[in-house]
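This is upload.pdb. It holds PDB, C-alpha atoms.
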```pdb
ATOM      1  CA  MET A 720     128.573 127.763-100.818  1.00  0.00           C
ATOM      2  CA  SER A 721     129.936 126.761 -97.450  1.00  0.00           C
ATOM      3  CA  THR A 722     130.151 123.441 -95.696  1.00  0.00           C
ATOM      4  CA  ILE A 723     128.492 122.551 -92.402  1.00  0.00           C
ATOM      5  CA  GLY A 724     129.819 124.587 -89.506  1.00  0.00           C
ATOM      6  CA  ALA A 725     132.160 126.670 -91.649  1.00  0.00           C
ATOM      7  CA  THR A 726     132.046 130.405 -92.078  1.00  0.00           C
ATOM      8  CA  THR A 727     133.622 132.094 -95.027  1.00  0.00           C
ATOM      9  CA  GLU A 728     134.069 135.684 -96.078  1.00  0.00           C
ATOM     10  CA  VAL A 729     132.751 136.236 -99.582  1.00  0.00           C
ATOM     11  CA  ARG A 730     134.050 139.151-101.616  1.00  0.00           C
ATOM     12  CA  PRO A 731     131.405 140.975-103.688  1.00  0.00           C
ATOM     13  CA  GLN A 732     132.789 139.697-107.017  1.00  0.00           C
ATOM     14  CA  GLU A 733     132.778 136.133-105.699  1.00  0.00           C
ATOM     15  CA  GLY A 734     129.147 136.548-104.643  1.00  0.00           C
ATOM     16  CA  ILE A 735     128.184 137.683-108.135  1.00  0.00           C
ATOM     17  CA  PHE A 736     130.132 134.805-109.693  1.00  0.00           C
ATOM     18  CA  GLU A 737     128.491 132.333-107.284  1.00  0.00           C
ATOM     19  CA  ARG A 738     125.003 133.526-108.281  1.00  0.00           C
ATOM     20  CA  GLN A 739     125.883 133.314-111.974  1.00  0.00           C
ATOM     21  CA  LEU A 740     127.327 129.835-111.502  1.00  0.00           C
ATOM     22  CA  GLU A 741     124.221 128.723-109.603  1.00  0.00           C
ATOM     23  CA  HIS A 742     121.987 130.051-112.392  1.00  0.00           C
ATOM     24  CA  ILE A 743     124.096 128.267-115.009  1.00  0.00           C
ATOM     25  CA  GLY A 744     123.857 125.044-113.003  1.00  0.00           C
ATOM     26  CA  TRP A 745     120.080 125.279-112.801  1.00  0.00           C
ATOM     27  CA  ALA A 746     119.861 126.110-116.506  1.00  0.00           C
ATOM     28  CA  LEU A 747     121.979 123.079-117.430  1.00  0.00           C
ATOM     29  CA  PHE A 748     119.892 120.874-115.137  1.00  0.00           C
ATOM     30  CA  LEU A 749     116.597 122.013-116.669  1.00  0.00           C
ATOM     31  CA  ILE A 750     117.934 121.744-120.229  1.00  0.00           C
ATOM     32  CA  MET A 751     119.186 118.224-119.505  1.00  0.00           C
ATOM     33  CA  ILE A 752     115.896 117.058-117.947  1.00  0.00           C
ATOM     34  CA  GLY A 753     113.837 118.608-120.749  1.00  0.00           C
ATOM     35  CA  GLY A 754     116.130 117.249-123.436  1.00  0.00           C
ATOM     36  CA  LEU A 755     116.022 113.731-121.990  1.00  0.00           C
ATOM     37  CA  ALA A 756     112.218 113.916-121.722  1.00  0.00           C
ATOM     38  CA  LEU A 757     111.951 114.832-125.422  1.00  0.00           C
ATOM     39  CA  LEU A 758     113.808 111.703-126.529  1.00  0.00           C
ATOM     40  CA  PRO A 759     111.836 108.558-127.297  1.00  0.00           C
ATOM     41  CA  ALA A 760     111.756 105.894-124.574  1.00  0.00           C
ATOM     42  CA  GLY A 761     114.691 103.530-124.751  1.00  0.00           C
ATOM     43  CA  TRP A 762     117.072 105.919-126.524  1.00  0.00           C
ATOM     44  CA  VAL A 763     118.871 106.882-123.339  1.00  0.00           C
ATOM     45  CA  PRO A 764     120.194 104.332-120.840  1.00  0.00           C
ATOM     46  CA  GLU A 765     118.644 104.318-117.391  1.00  0.00           C
ATOM     47  CA  GLY A 766     120.750 106.375-115.002  1.00  0.00           C
ATOM     48  CA  THR A 767     121.784 108.938-117.615  1.00  0.00           C
ATOM     49  CA  TRP A 768     120.142 111.809-115.771  1.00  0.00           C
ATOM     50  CA  LEU A 769     122.001 110.850-112.573  1.00  0.00           C
ATOM     51  CA  VAL A 770     125.305 110.999-114.423  1.00  0.00           C
ATOM     52  CA  GLY A 771     124.286 114.391-115.845  1.00  0.00           C
ATOM     53  CA  VAL A 772     123.336 115.766-112.427  1.00  0.00           C
ATOM     54  CA  GLY A 773     126.632 114.515-110.997  1.00  0.00           C
ATOM     55  CA  LEU A 774     128.626 116.090-113.815  1.00  0.00           C
ATOM     56  CA  ILE A 775     126.882 119.423-113.271  1.00  0.00           C
ATOM     57  CA  MET A 776     127.558 119.397-109.508  1.00  0.00           C
ATOM     58  CA  VAL A 777     131.173 118.297-109.802  1.00  0.00           C
ATOM     59  CA  GLY A 778     131.742 120.664-112.725  1.00  0.00           C
ATOM     60  CA  MET A 779     130.455 123.603-110.710  1.00  0.00           C
ATOM     61  CA  ASN A 780     132.852 122.760-107.886  1.00  0.00           C
ATOM     62  CA  ILE A 781     135.770 122.369-110.283  1.00  0.00           C
ATOM     63  CA  THR A 782     134.920 125.818-111.666  1.00  0.00           C
ATOM     64  CA  ARG A 783     134.817 127.245-108.135  1.00  0.00           C
ATOM     65  CA  HIS A 784     138.200 125.706-107.366  1.00  0.00           C
ATOM     66  CA  ARG A 785     139.771 127.062-110.567  1.00  0.00           C
ATOM     67  CA  LYS A 786     138.484 130.558-109.673  1.00  0.00           C
ATOM     68  CA  GLY A 787     139.981 130.293-106.174  1.00  0.00           C
ATOM     69  CA  ILE A 788     136.600 130.018-104.462  1.00  0.00           C
ATOM     70  CA  ARG A 789     136.041 127.456-101.736  1.00  0.00           C
ATOM     71  CA  ILE A 790     134.250 124.374-103.024  1.00  0.00           C
ATOM     72  CA  SER A 791     131.277 122.721-101.369  1.00  0.00           C
ATOM     73  CA  GLY A 792     132.253 119.313-100.050  1.00  0.00           C
ATOM     74  CA  PHE A 793     128.570 118.409 -99.720  1.00  0.00           C
ATOM     75  CA  THR A 794     127.638 119.069-103.360  1.00  0.00           C
ATOM     76  CA  THR A 795     130.870 117.438-104.509  1.00  0.00           C
ATOM     77  CA  LEU A 796     129.947 114.321-102.518  1.00  0.00           C
ATOM     78  CA  LEU A 797     126.408 114.348-103.913  1.00  0.00           C
ATOM     79  CA  GLY A 798     127.725 114.837-107.444  1.00  0.00           C
ATOM     80  CA  VAL A 799     130.144 111.929-107.194  1.00  0.00           C
ATOM     81  CA  ALA A 800     127.414 109.767-105.630  1.00  0.00           C
ATOM     82  CA  ALA A 801     124.959 110.672-108.394  1.00  0.00           C
ATOM     83  CA  MET A 802     127.522 109.806-111.079  1.00  0.00           C
ATOM     84  CA  ALA A 803     128.329 106.512-109.353  1.00  0.00           C
ATOM     85  CA  ALA A 804     124.638 105.635-109.041  1.00  0.00           C
ATOM     86  CA  GLY A 805     124.078 106.504-112.695  1.00  0.00           C
ATOM     87  CA  PHE A 806     127.032 104.472-113.936  1.00  0.00           C
ATOM     88  CA  PHE A 807     126.036 101.481-111.793  1.00  0.00           C
ATOM     89  CA  SER A 808     122.463 101.774-113.083  1.00  0.00           C
ATOM     90  CA  MET A 809     123.691 101.904-116.684  1.00  0.00           C
ATOM     91  CA  ALA A 810     125.777  98.790-116.062  1.00  0.00           C
ATOM     92  CA  GLY A 811     122.845  96.985-114.453  1.00  0.00           C
ATOM     93  CA  ILE A 812     124.644  96.683-111.107  1.00  0.00           C
ATOM     94  CA  ASP A 813     122.620  97.023-107.915  1.00  0.00           C
ATOM     95  CA  PHE A 814     124.939  99.058-105.670  1.00  0.00           C
ATOM     96  CA  PRO A 815     123.801 100.658-102.361  1.00  0.00           C
ATOM     97  CA  VAL A 816     124.823 104.219-103.220  1.00  0.00           C
ATOM     98  CA  PHE A 817     122.227 105.939-100.995  1.00  0.00           C
ATOM     99  CA  PRO A 818     123.259 104.207 -97.724  1.00  0.00           C
ATOM    100  CA  ILE A 819     126.913 104.870 -98.527  1.00  0.00           C
ATOM    101  CA  VAL A 820     126.127 108.563 -99.092  1.00  0.00           C
ATOM    102  CA  LEU A 821     124.332 108.718 -95.726  1.00  0.00           C
ATOM    103  CA  VAL A 822     127.367 107.210 -93.990  1.00  0.00           C
ATOM    104  CA  ALA A 823     129.693 109.628 -95.812  1.00  0.00           C
ATOM    105  CA  ILE A 824     127.573 112.645 -94.838  1.00  0.00           C
ATOM    106  CA  GLY A 825     127.516 111.488 -91.224  1.00  0.00           C
ATOM    107  CA  LEU A 826     131.283 111.031 -91.234  1.00  0.00           C
ATOM    108  CA  GLN A 827     131.766 114.495 -92.762  1.00  0.00           C
ATOM    109  CA  ILE A 828     129.599 116.085 -90.056  1.00  0.00           C
ATOM    110  CA  LEU A 829     131.468 114.214 -87.337  1.00  0.00           C
ATOM    111  CA  TYR A 830     134.815 115.194 -88.845  1.00  0.00           C
ATOM    112  CA  SER A 831     133.826 118.874 -89.018  1.00  0.00           C
ATOM    113  CA  VAL A 832     132.704 118.832 -85.361  1.00  0.00           C
ATOM    114  CA  LEU A 833     135.905 117.141 -84.207  1.00  0.00           C
ATOM    115  CA  LEU A 834     138.009 119.481 -86.329  1.00  0.00           C
ATOM    116  CA  SER A 835     136.304 122.577 -84.888  1.00  0.00           C
ATOM    117  CA  LYS A 836     136.856 121.322 -81.317  1.00  0.00           C
ATOM    118  CA  ARG A 837     140.543 120.724 -82.043  1.00  0.00           C
ATOM    119  CA  GLY A 838     140.985 124.326 -83.183  1.00  0.00           C
ATOM    120  CA  THR A 839     139.546 125.835 -79.974  1.00  0.00           C
ATOM    121  CA  PRO A 840     141.535 126.097 -76.713  1.00  0.00           C
TER
END
```

Mind turning this structure into C-alpha cells?
Amino acid sequence: MSTIGATTEVRPQEGIFERQLEHIGWALFLIMIGGLALLPAGWVPEGTWLVGVGLIMVGMNITRHRKGIRISGFTTLLGVAAMAAGFFSMAGIDFPVFPIVLVAIGLQILYSVLLSKRGTP
C-alpha cells in the first residue's frame, strides 16, 4: 500500500506478500465480526470490534515493517484511531475520535504536499 502522493516500486515477491497479507487481514476481520455476532448480547463490551479492527490494521503494518515493506500511514492512523475509539467506548468516555481523525488526515495530506514541493527545484 502507498500513501497519498507517493509512488513506490514493488518487487514481485512483495506484491505476492501484500496480497496474502491483505487476504489474511480480511479473513481476521470477518472471523472477528462473525465470532462477536455469535456471542450473546452483553458478553462483549461495546467498542470491542473497534479495538479488533485497530489491532488488525496496526498488526498488518507492523508485519509490513518487519518484512522491510513500506507501511501505510493512512491505515496505521485509522487503526490507532479505531483502537482509541474502542478503548474510550469500553471505558464509557465520550471522546471525539472522528473529528480528530479528520484533522489528522488533513494534516497528513498537507504535509505530503509541502514535502513534495520541497523536494522539487

Practice prompt. Kindly resolve the PyMOL selection byres ((chain A and resi 810-824) around 9) on the present coordinates and return the residues as a count of residues only.
Written response: 18

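The gap separating CA of Arg789 in chain A from CA of Lys836 in chain A is 21.3 Å, in Å to one decimal.
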
For this structure, which residues satisfy the selection - the PyMOL selection byres ((chain A and resi 736) around 12) - when it is evaluated on the file as given? I want them as a compact mmCIF listing (two decimals) with C-alpha atoms, in the coordinates of the input.
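The file below, result04.txt, is the result:
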```txt
# COMPACT_ATOMS: atom_id res chain seq x y z
CA MET A 720 128.57 127.76 -100.82
CA VAL A 729 132.75 136.24 -99.58
CA ARG A 730 134.05 139.15 -101.62
CA PRO A 731 131.40 140.98 -103.69
CA GLN A 732 132.79 139.70 -107.02
CA GLU A 733 132.78 136.13 -105.70
CA GLY A 734 129.15 136.55 -104.64
CA ILE A 735 128.18 137.68 -108.14
CA GLU A 737 128.49 132.33 -107.28
CA ARG A 738 125.00 133.53 -108.28
CA GLN A 739 125.88 133.31 -111.97
CA LEU A 740 127.33 129.84 -111.50
CA GLU A 741 124.22 128.72 -109.60
CA HIS A 742 121.99 130.05 -112.39
CA ILE A 743 124.10 128.27 -115.01
CA MET A 779 130.46 123.60 -110.71
CA THR A 782 134.92 125.82 -111.67
CA ARG A 783 134.82 127.24 -108.14
CA LYS A 786 138.48 130.56 -109.67
CA GLY A 787 139.98 130.29 -106.17
CA ILE A 788 136.60 130.02 -104.46
```

query = In Å, with one decimal, what is the gap from CA of Leu834 in chain A to CA of Gly778 in chain A?
reply =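 It comes out at 27.2 Å.
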
Nearest residue to Ile750 in chain A out of A:Val832, A:Ile790, A:Val772, A:Val799, using all atoms listed in the file?
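Checking each of A:Val832, A:Ile790, A:Val772, A:Val799 against Ile750 in chain A, counting all atoms listed in the file, the winner is A:Val772.
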
As a check of understanding: the span from CA of Val763 in chain A to CA of Met751 in chain A is 12.0 Å
